[in-house]
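Everything below belongs to data.cif, which stores mmCIF, C-alpha atoms.
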data_target
#
loop_
_atom_site.group_PDB
_atom_site.id
_atom_site.type_symbol
_atom_site.label_atom_id
_atom_site.label_comp_id
_atom_site.auth_asym_id
_atom_site.auth_seq_id
_atom_site.Cartn_x
_atom_site.Cartn_y
_atom_site.Cartn_z
ATOM 1 C CA MET A 19 -37.612 87.434 -29.447
ATOM 2 C CA LYS A 20 -34.941 85.062 -28.096
ATOM 3 C CA ILE A 21 -34.278 87.147 -24.978
ATOM 4 C CA ARG A 22 -37.894 86.855 -23.893
ATOM 5 C CA LYS A 23 -37.913 83.124 -24.544
ATOM 6 C CA TYR A 24 -34.730 82.850 -22.501
ATOM 7 C CA ILE A 25 -36.280 84.475 -19.472
ATOM 8 C CA LYS A 26 -39.714 82.865 -19.719
ATOM 9 C CA LYS A 27 -38.848 79.908 -17.520
ATOM 10 C CA THR A 28 -37.431 82.004 -14.700
ATOM 11 C CA ILE A 29 -39.227 85.343 -14.861
ATOM 12 C CA ALA A 30 -42.011 84.241 -12.547
ATOM 13 C CA ILE A 31 -39.427 83.594 -9.847
ATOM 14 C CA GLY A 32 -36.738 86.090 -10.752
ATOM 15 C CA LEU A 33 -38.928 89.156 -11.285
ATOM 16 C CA ILE A 34 -41.928 89.051 -9.029
ATOM 17 C CA PHE A 35 -39.872 89.869 -5.970
ATOM 18 C CA THR A 36 -37.758 92.733 -7.318
ATOM 19 C CA LEU A 37 -40.095 95.023 -5.441
ATOM 20 C CA ALA A 38 -40.706 92.722 -2.461
ATOM 21 C CA LEU A 39 -37.700 93.761 -0.403
ATOM 22 C CA SER A 40 -38.922 94.032 3.177
ATOM 23 C CA SER A 41 -41.276 92.530 5.711
ATOM 24 C CA THR A 42 -43.128 95.743 6.595
ATOM 25 C CA ALA A 43 -45.672 97.940 4.828
ATOM 26 C CA CYS A 44 -42.816 100.162 3.674
ATOM 27 C CA THR A 45 -40.682 98.172 1.255
ATOM 28 C CA LYS A 46 -37.126 99.287 1.750
ATOM 29 C CA LYS A 47 -36.161 97.142 4.692
ATOM 30 C CA THR A 48 -33.610 94.363 4.320
ATOM 31 C CA GLU A 49 -34.543 91.122 2.585
ATOM 32 C CA GLY A 50 -37.096 88.917 4.300
ATOM 33 C CA ALA A 51 -34.994 85.793 3.864
ATOM 34 C CA LYS A 52 -33.699 84.523 7.188
ATOM 35 C CA VAL A 53 -30.042 84.145 6.311
ATOM 36 C CA ALA A 54 -27.525 83.843 9.116
ATOM 37 C CA VAL A 55 -24.787 86.385 8.393
ATOM 38 C CA LYS A 56 -21.669 86.824 10.466
ATOM 39 C CA GLU A 57 -21.453 90.352 11.866
ATOM 40 C CA GLU A 58 -18.310 92.182 10.874
ATOM 41 C CA THR A 59 -16.168 94.046 13.322
ATOM 42 C CA GLN A 60 -15.070 97.568 12.452
ATOM 43 C CA ASP A 61 -11.535 96.258 11.795
ATOM 44 C CA GLU A 62 -12.872 93.666 9.333
ATOM 45 C CA LYS A 63 -14.830 96.336 7.461
ATOM 46 C CA THR A 64 -11.737 98.522 7.295
ATOM 47 C CA ASP A 65 -9.686 95.624 5.918
ATOM 48 C CA LEU A 66 -12.307 94.948 3.244
ATOM 49 C CA LYS A 67 -12.291 98.589 2.240
ATOM 50 C CA ASP A 68 -8.481 98.681 2.090
ATOM 51 C CA ASP A 69 -8.424 95.537 -0.066
ATOM 52 C CA ALA A 70 -10.910 97.113 -2.464
ATOM 53 C CA GLU A 71 -8.623 100.094 -3.134
ATOM 54 C CA GLY A 72 -5.959 99.437 -5.733
ATOM 55 C CA SER A 73 -2.412 100.786 -5.844
ATOM 56 C CA ASP A 74 -3.610 103.510 -8.216
ATOM 57 C CA GLY A 75 -6.021 104.813 -5.574
ATOM 58 C CA VAL A 76 -9.089 103.695 -7.513
ATOM 59 C CA GLN A 77 -11.694 102.078 -5.258
ATOM 60 C CA LYS A 78 -13.432 99.008 -6.624
ATOM 61 C CA ILE A 79 -17.201 98.873 -6.172
ATOM 62 C CA LYS A 80 -18.500 95.302 -6.278
ATOM 63 C CA VAL A 81 -21.987 95.300 -7.794
ATOM 64 C CA ALA A 82 -24.487 92.496 -7.128
ATOM 65 C CA TRP A 83 -26.989 91.908 -9.915
ATOM 66 C CA GLN A 84 -29.639 89.323 -10.756
ATOM 67 C CA THR A 85 -29.830 87.210 -13.864
ATOM 68 C CA ASN A 86 -33.009 87.055 -15.977
ATOM 69 C CA SER A 87 -34.323 90.379 -14.656
ATOM 70 C CA TYR A 88 -35.167 91.642 -18.123
ATOM 71 C CA PRO A 89 -35.174 94.521 -18.979
ATOM 72 C CA LEU A 90 -33.435 95.734 -15.812
ATOM 73 C CA GLN A 91 -30.359 93.507 -15.879
ATOM 74 C CA TYR A 92 -29.654 90.514 -18.084
ATOM 75 C CA GLU A 93 -27.188 88.952 -20.522
ATOM 76 C CA ASP A 94 -28.014 89.434 -24.194
ATOM 77 C CA GLU A 95 -27.739 86.773 -26.905
ATOM 78 C CA ASP A 96 -23.999 87.380 -27.145
ATOM 79 C CA GLY A 97 -23.465 87.038 -23.407
ATOM 80 C CA ASN A 98 -23.009 90.765 -22.808
ATOM 81 C CA LEU A 99 -24.324 92.206 -19.556
ATOM 82 C CA THR A 100 -26.888 94.918 -20.223
ATOM 83 C CA GLY A 101 -30.304 96.232 -19.173
ATOM 84 C CA TYR A 102 -31.630 99.533 -17.880
ATOM 85 C CA GLU A 103 -29.982 99.451 -14.450
ATOM 86 C CA ILE A 104 -26.724 98.054 -15.831
ATOM 87 C CA GLU A 105 -26.406 100.730 -18.512
ATOM 88 C CA VAL A 106 -27.155 103.540 -16.030
ATOM 89 C CA LEU A 107 -24.422 102.264 -13.711
ATOM 90 C CA LYS A 108 -22.003 102.080 -16.639
ATOM 91 C CA LEU A 109 -22.597 105.793 -17.266
ATOM 92 C CA VAL A 110 -22.095 106.508 -13.566
ATOM 93 C CA ASP A 111 -18.855 104.502 -13.612
ATOM 94 C CA GLU A 112 -17.566 106.520 -16.570
ATOM 95 C CA ALA A 113 -18.250 109.763 -14.724
ATOM 96 C CA LEU A 114 -16.432 108.700 -11.522
ATOM 97 C CA PRO A 115 -12.727 107.994 -12.216
ATOM 98 C CA GLN A 116 -12.076 107.466 -8.495
ATOM 99 C CA TYR A 117 -14.235 104.314 -8.591
ATOM 100 C CA GLU A 118 -14.271 101.173 -10.710
ATOM 101 C CA PHE A 119 -17.534 99.210 -10.828
ATOM 102 C CA GLU A 120 -17.133 95.430 -10.971
ATOM 103 C CA PHE A 121 -20.055 93.287 -12.145
ATOM 104 C CA GLY A 122 -19.368 89.726 -11.050
ATOM 105 C CA GLU A 123 -21.478 86.628 -11.508
ATOM 106 C CA PRO A 124 -25.272 86.990 -11.143
ATOM 107 C CA THR A 125 -26.861 85.940 -7.886
ATOM 108 C CA SER A 126 -30.260 85.592 -6.245
ATOM 109 C CA GLN A 127 -31.895 88.484 -4.465
ATOM 110 C CA ASP A 128 -31.537 86.792 -1.086
ATOM 111 C CA ALA A 129 -27.809 86.341 -1.702
ATOM 112 C CA GLN A 130 -27.506 89.954 -2.856
ATOM 113 C CA TYR A 131 -28.610 91.417 0.445
ATOM 114 C CA ALA A 132 -26.868 88.813 2.575
ATOM 115 C CA GLY A 133 -23.672 89.598 0.676
ATOM 116 C CA LEU A 134 -24.191 93.330 1.096
ATOM 117 C CA SER A 135 -24.539 92.932 4.871
ATOM 118 C CA ALA A 136 -21.467 90.700 5.017
ATOM 119 C CA GLY A 137 -19.323 93.088 2.961
ATOM 120 C CA LYS A 138 -19.077 90.772 -0.046
ATOM 121 C CA TYR A 139 -20.794 93.419 -2.192
ATOM 122 C CA ASP A 140 -20.740 97.194 -2.040
ATOM 123 C CA LEU A 141 -23.829 97.920 -4.104
ATOM 124 C CA VAL A 142 -27.027 96.062 -5.003
ATOM 125 C CA ILE A 143 -29.365 96.776 -7.926
ATOM 126 C CA SER A 144 -32.823 95.240 -7.583
ATOM 127 C CA ASN A 145 -35.430 97.792 -8.781
ATOM 128 C CA ALA A 146 -35.695 98.854 -5.131
ATOM 129 C CA PHE A 147 -38.047 101.506 -3.774
ATOM 130 C CA TYR A 148 -37.164 104.034 -1.037
ATOM 131 C CA THR A 149 -38.340 103.624 2.536
ATOM 132 C CA GLU A 150 -37.149 105.169 5.779
ATOM 133 C CA GLU A 151 -36.187 101.721 7.053
ATOM 134 C CA ARG A 152 -33.867 101.042 4.136
ATOM 135 C CA ASP A 153 -32.443 104.551 4.325
ATOM 136 C CA LYS A 154 -31.439 103.838 7.927
ATOM 137 C CA ALA A 155 -29.989 100.412 7.149
ATOM 138 C CA TYR A 156 -28.005 101.404 4.054
ATOM 139 C CA ALA A 157 -26.524 104.410 2.280
ATOM 140 C CA LEU A 158 -28.918 105.552 -0.463
ATOM 141 C CA PRO A 159 -28.296 108.243 -3.068
ATOM 142 C CA GLU A 160 -30.639 111.215 -2.946
ATOM 143 C CA ASN A 161 -31.317 110.987 -6.686
ATOM 144 C CA PRO A 162 -32.977 107.883 -8.158
ATOM 145 C CA LEU A 163 -31.420 105.295 -10.425
ATOM 146 C CA GLY A 164 -34.692 104.722 -12.243
ATOM 147 C CA ALA A 165 -38.446 104.545 -11.983
ATOM 148 C CA SER A 166 -40.993 101.752 -12.073
ATOM 149 C CA LEU A 167 -44.261 102.490 -13.867
ATOM 150 C CA VAL A 168 -47.088 100.900 -11.869
ATOM 151 C CA GLY A 169 -50.696 100.493 -12.970
ATOM 152 C CA ILE A 170 -53.960 98.660 -12.378
ATOM 153 C CA ILE A 171 -55.271 95.513 -14.053
ATOM 154 C CA LEU A 172 -59.010 95.287 -14.690
ATOM 155 C CA PRO A 173 -61.374 92.887 -16.445
ATOM 156 C CA LYS A 174 -61.686 94.023 -20.049
ATOM 157 C CA GLY A 175 -64.665 96.303 -20.535
ATOM 158 C CA THR A 176 -64.716 97.741 -17.008
ATOM 159 C CA GLU A 177 -66.193 101.213 -17.452
ATOM 160 C CA GLY A 178 -65.212 104.438 -15.691
ATOM 161 C CA VAL A 179 -62.101 103.091 -13.941
ATOM 162 C CA THR A 180 -58.604 103.971 -15.149
ATOM 163 C CA ASP A 181 -56.615 104.799 -12.000
ATOM 164 C CA PHE A 182 -56.393 104.401 -8.223
ATOM 165 C CA ALA A 183 -58.851 107.204 -7.493
ATOM 166 C CA SER A 184 -61.609 105.931 -9.787
ATOM 167 C CA ALA A 185 -61.094 102.356 -8.516
ATOM 168 C CA ALA A 186 -61.514 103.598 -4.952
ATOM 169 C CA GLU A 187 -64.582 105.672 -5.838
ATOM 170 C CA ALA A 188 -66.181 102.643 -7.487
ATOM 171 C CA GLY A 189 -65.524 100.563 -4.377
ATOM 172 C CA LEU A 190 -63.596 97.937 -6.323
ATOM 173 C CA LYS A 191 -61.999 95.103 -4.375
ATOM 174 C CA LEU A 192 -58.206 94.925 -4.713
ATOM 175 C CA SER A 193 -56.513 91.529 -4.810
ATOM 176 C CA PRO A 194 -54.307 90.842 -1.743
ATOM 177 C CA ILE A 195 -50.695 92.007 -1.904
ATOM 178 C CA LEU A 196 -47.744 90.371 -0.170
ATOM 179 C CA ALA A 197 -46.989 92.246 3.063
ATOM 180 C CA GLY A 198 -43.849 94.296 2.602
ATOM 181 C CA ASP A 199 -43.944 94.100 -1.188
ATOM 182 C CA GLY A 200 -43.227 97.261 -3.149
ATOM 183 C CA LEU A 201 -46.712 97.132 -4.621
ATOM 184 C CA TYR A 202 -48.170 97.163 -1.121
ATOM 185 C CA TYR A 203 -46.153 100.301 -0.473
ATOM 186 C CA VAL A 204 -47.519 102.002 -3.604
ATOM 187 C CA VAL A 205 -51.134 101.514 -2.522
ATOM 188 C CA TYR A 206 -50.266 102.362 1.080
ATOM 189 C CA LYS A 207 -48.803 105.674 -0.093
ATOM 190 C CA TYR A 208 -51.886 106.415 -2.196
ATOM 191 C CA ASN A 209 -54.101 105.868 0.848
ATOM 192 C CA GLU A 210 -51.929 108.189 2.932
ATOM 193 C CA GLU A 211 -52.312 110.884 0.294
ATOM 194 C CA ASN A 212 -56.051 110.278 -0.178
ATOM 195 C CA PRO A 213 -57.586 109.552 3.239
ATOM 196 C CA ASP A 214 -61.056 110.515 1.984
ATOM 197 C CA ASN A 215 -60.941 108.100 -0.939
ATOM 198 C CA PRO A 216 -58.836 105.088 0.125
ATOM 199 C CA ILE A 217 -58.448 101.682 -1.472
ATOM 200 C CA GLU A 218 -59.154 98.755 0.855
ATOM 201 C CA LEU A 219 -55.721 97.200 1.209
ATOM 202 C CA GLU A 220 -55.424 93.548 2.202
ATOM 203 C CA ALA A 221 -52.027 92.095 3.064
ATOM 204 C CA THR A 222 -51.125 88.444 2.610
ATOM 205 C CA ASP A 223 -48.150 86.292 3.569
ATOM 206 C CA SER A 224 -48.456 84.216 0.401
ATOM 207 C CA ALA A 225 -45.701 84.837 -2.123
ATOM 208 C CA ASP A 226 -47.977 83.347 -4.789
ATOM 209 C CA SER A 227 -50.359 86.288 -4.545
ATOM 210 C CA PHE A 228 -48.502 88.252 -7.230
ATOM 211 C CA MET A 229 -48.944 85.641 -9.950
ATOM 212 C CA ASN A 230 -52.349 84.476 -8.719
ATOM 213 C CA SER A 231 -53.808 87.985 -8.803
ATOM 214 C CA ILE A 232 -53.972 87.917 -12.614
ATOM 215 C CA GLY A 233 -56.203 84.831 -12.620
ATOM 216 C CA TRP A 234 -58.234 86.152 -9.699
ATOM 217 C CA VAL A 235 -59.090 89.330 -11.594
ATOM 218 C CA ALA A 236 -59.736 87.573 -14.912
ATOM 219 C CA GLU A 237 -62.057 85.102 -13.189
ATOM 220 C CA GLY A 238 -63.892 87.733 -11.142
ATOM 221 C CA ARG A 239 -62.699 86.764 -7.687
ATOM 222 C CA TYR A 240 -61.278 90.280 -7.249
ATOM 223 C CA ASP A 241 -62.061 93.471 -9.150
ATOM 224 C CA PHE A 242 -58.524 94.688 -9.849
ATOM 225 C CA ALA A 243 -54.825 94.160 -9.166
ATOM 226 C CA VAL A 244 -51.767 96.421 -8.992
ATOM 227 C CA TRP A 245 -48.719 95.460 -11.069
ATOM 228 C CA PRO A 246 -45.537 97.007 -12.512
ATOM 229 C CA LYS A 247 -46.039 97.705 -16.215
ATOM 230 C CA ASN A 248 -42.854 95.997 -17.399
ATOM 231 C CA TYR A 249 -43.779 92.743 -15.622
ATOM 232 C CA TYR A 250 -47.296 92.839 -17.056
ATOM 233 C CA GLU A 251 -45.917 93.230 -20.562
ATOM 234 C CA GLN A 252 -43.457 90.364 -20.110
ATOM 235 C CA LEU A 253 -45.842 87.912 -18.457
ATOM 236 C CA VAL A 254 -49.223 88.808 -19.968
ATOM 237 C CA THR A 255 -48.927 90.968 -23.099
ATOM 238 C CA SER A 256 -46.009 89.053 -24.647
ATOM 239 C CA GLU A 257 -47.160 86.142 -26.808
ATOM 240 C CA ASP A 258 -44.717 83.806 -25.072
ATOM 241 C CA GLY A 259 -45.477 85.214 -21.630
ATOM 242 C CA GLU A 260 -46.199 82.881 -18.747
ATOM 243 C CA LEU A 261 -49.699 84.349 -18.303
ATOM 244 C CA HIS A 262 -50.506 85.313 -21.900
ATOM 245 C CA ASP A 263 -53.744 83.294 -21.835
ATOM 246 C CA TYR A 264 -55.271 86.120 -19.788
ATOM 247 C CA ASP A 265 -54.310 88.883 -22.227
ATOM 248 C CA GLU A 266 -57.681 89.037 -24.017
ATOM 249 C CA LYS A 267 -59.558 89.170 -20.717
ATOM 250 C CA LEU A 268 -57.733 92.094 -19.112
ATOM 251 C CA ASP A 269 -56.843 95.778 -19.519
ATOM 252 C CA PHE A 270 -53.875 97.619 -17.985
ATOM 253 C CA TYR A 271 -53.830 101.330 -17.093
ATOM 254 C CA ASP A 272 -50.703 103.282 -16.096
ATOM 255 C CA CYS A 273 -51.068 105.049 -12.747
ATOM 256 C CA ARG A 274 -47.821 105.999 -11.026
ATOM 257 C CA SER A 275 -44.066 106.301 -11.455
ATOM 258 C CA VAL A 276 -42.208 105.074 -8.392
ATOM 259 C CA TYR A 277 -38.509 105.920 -8.043
ATOM 260 C CA THR A 278 -35.985 103.131 -7.599
ATOM 261 C CA TYR A 279 -32.506 103.293 -6.022
ATOM 262 C CA PRO A 280 -29.212 101.407 -5.846
ATOM 263 C CA ILE A 281 -28.643 100.041 -2.340
ATOM 264 C CA ILE A 282 -25.168 100.821 -0.988
ATOM 265 C CA ARG A 283 -23.302 99.665 2.133
ATOM 266 C CA LYS A 284 -23.973 101.861 5.139
ATOM 267 C CA ASP A 285 -20.259 102.522 5.671
ATOM 268 C CA GLU A 286 -19.897 103.979 2.153
ATOM 269 C CA PRO A 287 -21.843 107.288 2.372
ATOM 270 C CA GLU A 288 -19.303 109.070 0.166
ATOM 271 C CA VAL A 289 -19.944 106.509 -2.578
ATOM 272 C CA ALA A 290 -23.681 107.129 -2.339
ATOM 273 C CA GLU A 291 -23.136 110.882 -2.493
ATOM 274 C CA ALA A 292 -20.890 110.654 -5.567
ATOM 275 C CA ILE A 293 -23.334 108.334 -7.347
ATOM 276 C CA SER A 294 -26.245 110.610 -6.462
ATOM 277 C CA GLU A 295 -24.571 113.628 -8.034
ATOM 278 C CA VAL A 296 -24.026 111.792 -11.309
ATOM 279 C CA LEU A 297 -27.565 110.367 -11.325
ATOM 280 C CA GLY A 298 -28.956 113.863 -10.889
ATOM 281 C CA LYS A 299 -26.966 115.104 -13.899
ATOM 282 C CA LEU A 300 -27.976 112.117 -16.019
ATOM 283 C CA ARG A 301 -31.627 112.789 -15.321
ATOM 284 C CA GLU A 302 -31.288 116.508 -16.080
ATOM 285 C CA GLU A 303 -29.623 115.629 -19.380
ATOM 286 C CA GLY A 304 -32.462 113.250 -20.270
ATOM 287 C CA LYS A 305 -30.209 110.174 -20.252
ATOM 288 C CA LEU A 306 -32.398 108.230 -17.809
ATOM 289 C CA THR A 307 -35.480 108.847 -19.902
ATOM 290 C CA GLU A 308 -33.588 107.787 -23.035
ATOM 291 C CA LEU A 309 -32.527 104.515 -21.447
ATOM 292 C CA SER A 310 -36.022 103.948 -20.078
ATOM 293 C CA GLU A 311 -37.497 104.341 -23.547
ATOM 294 C CA LYS A 312 -34.814 102.059 -24.986
ATOM 295 C CA PHE A 313 -35.269 99.182 -22.539
ATOM 296 C CA TYR A 314 -38.913 99.569 -21.490
ATOM 297 C CA GLY A 315 -40.304 101.096 -24.656
ATOM 298 C CA TYR A 316 -41.737 104.030 -22.680
ATOM 299 C CA ASP A 317 -40.770 106.764 -20.223
ATOM 300 C CA ALA A 318 -41.045 105.256 -16.742
ATOM 301 C CA PHE A 319 -40.633 108.772 -15.319
ATOM 302 C CA LYS A 320 -43.856 110.019 -16.978
ATOM 303 C CA TYR A 321 -45.596 110.679 -13.649
ATOM 304 C CA ASP A 322 -44.309 112.693 -10.709
ATOM 305 C CA SER A 323 -43.041 110.343 -8.019
ATOM 306 C CA GLU A 324 -42.961 110.585 -4.241
#
If you took the structure in this file and wrote it as structure tokens, what would it be?
Amino acid sequence: MKIRKYIKKTIAIGLIFTLALSSTACTKKTEGAKVAVKEETQDEKTDLKDDAEGSDGVQKIKVAWQTNSYPLQYEDEDGNLTGYEIEVLKLVDEALPQYEFEFGEPTSQDAQYAGLSAGKYDLVISNAFYTEERDKAYALPENPLGASLVGIILPKGTEGVTDFASAAEAGLKLSPILAGDGLYYVVYKYNEENPDNPIELEATDSADSFMNSIGWVAEGRYDFAVWPKNYYEQLVTSEDGELHDYDEKLDFYDCRSVYTYPIIRKDEPEVAEAISEVLGKLREEGKLTELSEKFYGYDAFKYDSE
């Protein structure tokens, strides 16, 4: 498939950090990149907001998105912007005549959050999980934009282990996870919910741990790893995936659905509330599941999420 070949060269960089959005055990804090951003005064924020509202009273919402984040957000073979998160926001835009969503040029994740803090963007999509820290720093909708299906990777032939609980019971050693990464948060939450059967969780400051964990498990250095399903399919299962050489040595088991949210400027709570209402209706109508099945090939909402 041409789309997958197009993203192959950049997926290792562009995708592995879509969940790594903070520098604490809970992943919803601001980006870890140390970017110097000029603080806005209240007057400057007001001016930006006034400029964003057209003469017809329609407020423009500037959306920051990342290129090559297939299947979340990407340009197809004809140059059209699409992907799960993009198509959900298009439906939200249609349902909110008081707002007009503008998708500009793609940018890096670091630039997304720096731009959000500086007022350059109003909304960021980055497959982001909820945390209390992010909820305090930004305006988040109550209802989720999507869900990320997360599972465990094991050496092929491992018997009796198919989920977090059985991995913990077997005393399997988990590969280190980048501190503050969304995957760290998933295991951290499991341990909070299961204090009598925890997984030993080791944090690392190495950004290479995500990609390296596949080789570590395949070679026996660690017993299992935790990965998002869509990344595993793109990098390992796909024949042109960056890590496809490990496909015959590993098994993947779905474990949890983790909700994801659009990140909105703190001074736009009414925007977050309006978006939340539409997202809730879209989920009730089954639209989010339909789009998940279209872009992922499965229902990412299959498990109850925290």
Review point. Got a sec: who's within 12 Å of A:Gly122, counting all atoms listed in the file, leaving out chain neighbours fewer than 6 positions off, as a PyMOL selection string?
Key: chain A and resi 78-85+99+130+138-142
Return the padded bounding box of stretch 305-318 of chain A as lines of an AutoDock Vina configuration file: axis-aligned, built from all atoms listed in the file, 3 Å added on each side, with centre and edge lengths in Å to one decimal.
center_x = -36.0
center_y = 104.7
center_z = -20.9
size_x = 17.5
size_y = 17.0
size_z = 14.2
Would you give me, as a tab-separated table, each residue of stretch 239-313 of chain A having an atom within 12 Å of an atom of stretch 212-232 of chain A, along with its shortest atom pair and that distance in Å to one decimal, using only C-alpha atoms and sorting by chain and residue number?
residue	atom	partner	partner_atom	distance
A:Arg239	CA	A:Ser231	CA	9.0
A:Tyr240	CA	A:Ser231	CA	8.0
A:Asp241	CA	A:Ser231	CA	9.9
A:Phe242	CA	A:Ser231	CA	8.3
A:Ala243	CA	A:Ser231	CA	6.3
A:Val244	CA	A:Ser231	CA	8.7
A:Trp245	CA	A:Phe228	CA	8.2
A:Pro246	CA	A:Phe228	CA	10.6
A:Tyr249	CA	A:Met229	CA	10.5
A:Tyr250	CA	A:Ile232	CA	9.4
A:Leu253	CA	A:Met229	CA	9.3
A:Val254	CA	A:Ile232	CA	8.8
A:Glu260	CA	A:Met229	CA	9.6
A:Leu261	CA	A:Ile232	CA	8.0
A:His262	CA	A:Ile232	CA	10.2
A:Asp263	CA	A:Ile232	CA	10.3
A:Tyr264	CA	A:Ile232	CA	7.5
A:Asp265	CA	A:Ile232	CA	9.7
A:Lys267	CA	A:Ile232	CA	9.9
A:Leu268	CA	A:Ile232	CA	8.6
A:Asp269	CA	A:Ile232	CA	10.8
A:Phe270	CA	A:Ile232	CA	11.1
Practice problem: Go through A:Asn209, A:Glu177, A:Ala165, A:Tyr92 one by one, measure the shortest atom-to-atom distance of each to A:Tyr321 using only C-alpha atoms, and give the residue with the smallest value. | Solution: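 Of all the options, A:Ala165 lies closest to A:Tyr321.
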Check your understanding: Using all atoms listed in the file, which residue out of A:Asp322, A:Asn145, A:Val168, A:Ser126 lies closest to A:Gly101?
Key ->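 Once distances to A:Gly101 are computed over all atoms listed in the file, the minimum belongs to A:Asn145.
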Taken to one decimal, the atom CA of A:Phe182-atom CA of A:Gly315 distance is 23.2 Å
Next item on the list: Report the residues retrieved by the PyMOL selection byres ((chain A and resi 157) around 7) from the displayed file, expressed as a list of chain:residue names.
Entry: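 Taken over the shown coordinates, the PyMOL selection byres ((chain A and resi 157) around 7) returns A:Asp153, A:Tyr156, A:Leu158, A:Pro159, A:Ile281, A:Ile282, A:Arg283, A:Lys284, A:Glu286, A:Pro287, A:Ala290.
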What separation in Å, quoted to one decimal, exists between atom CA of A:Arg301 and atom CA of A:Phe319?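 Separating atom CA of A:Arg301 from atom CA of A:Phe319 is a distance of 9.9 Å.
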Q. Using the chain letters and numbers from the file, which residues does the PyMOL selection byres ((chain A and resi 299) around 12) grab, as a list in words?
A. Val106, Leu109, Val110, Ala113, Asn161, Pro162, Leu163, Ala292, Ile293, Ser294, Glu295, Val296, Leu297, Gly298, Leu300, Arg301, Glu302, Glu303, Gly304, Lys305 and Leu306 of chain A
Note to self: I want to know what sits within 12 Å of A:Tyr316, based on only C-alpha atoms, with residues of the same chain fewer than 4 positions away left out; could you give that as a PyMOL selection string?
What the structure shows: chain A and resi 165-167+247-248+251+272+275+306-312+320-321
Convert the current residue selection to file output with C-alpha atoms, as a compact mmCIF listing (two decimals), in the coordinates of the input.
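Just written: part.txt:
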# COMPACT_ATOMS: atom_id res chain seq x y z
CA ALA A 165 -38.45 104.54 -11.98
CA SER A 166 -40.99 101.75 -12.07
CA LEU A 167 -44.26 102.49 -13.87
CA LYS A 247 -46.04 97.70 -16.22
CA ASN A 248 -42.85 96.00 -17.40
CA GLU A 251 -45.92 93.23 -20.56
CA ASP A 272 -50.70 103.28 -16.10
CA SER A 275 -44.07 106.30 -11.46
CA LEU A 306 -32.40 108.23 -17.81
CA THR A 307 -35.48 108.85 -19.90
CA GLU A 308 -33.59 107.79 -23.04
CA LEU A 309 -32.53 104.52 -21.45
CA SER A 310 -36.02 103.95 -20.08
CA GLU A 311 -37.50 104.34 -23.55
CA LYS A 312 -34.81 102.06 -24.99
CA LYS A 320 -43.86 110.02 -16.98
CA TYR A 321 -45.60 110.68 -13.65
**Report entry** Target residues per the PyMOL selection byres ((chain A and resi 146) around 6), formatted as number ranges by chain
**Finding:** A: 37, 144-145, 147, 278-279
Please dump the current selection as a PDB file, keeping the file's coordinate frame; keep C-alpha atoms.
ATOM      1  CA  LEU A  37     -40.095  95.023  -5.441  1.00  0.00           C
ATOM      2  CA  SER A 144     -32.823  95.240  -7.583  1.00  0.00           C
ATOM      3  CA  ASN A 145     -35.430  97.792  -8.781  1.00  0.00           C
ATOM      4  CA  PHE A 147     -38.047 101.506  -3.774  1.00  0.00           C
ATOM      5  CA  THR A 278     -35.985 103.131  -7.599  1.00  0.00           C
ATOM      6  CA  TYR A 279     -32.506 103.293  -6.022  1.00  0.00           C
TER       7      TYR A 279
END
Practice problem: Would you work out the distance separating atom CA of A:Tyr203 from atom CA of A:Arg274, expressed in Å to one decimal? | Solution: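 Taking atom CA of A:Tyr203 as the start and atom CA of A:Arg274 as the end point, the length is 12.1 Å.
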Nearest to A:Ala236, restricted to all atoms listed in the file and choosing among A:Asp199, A:Asp74, A:Glu103, A:Glu266, comes out as A:Glu266
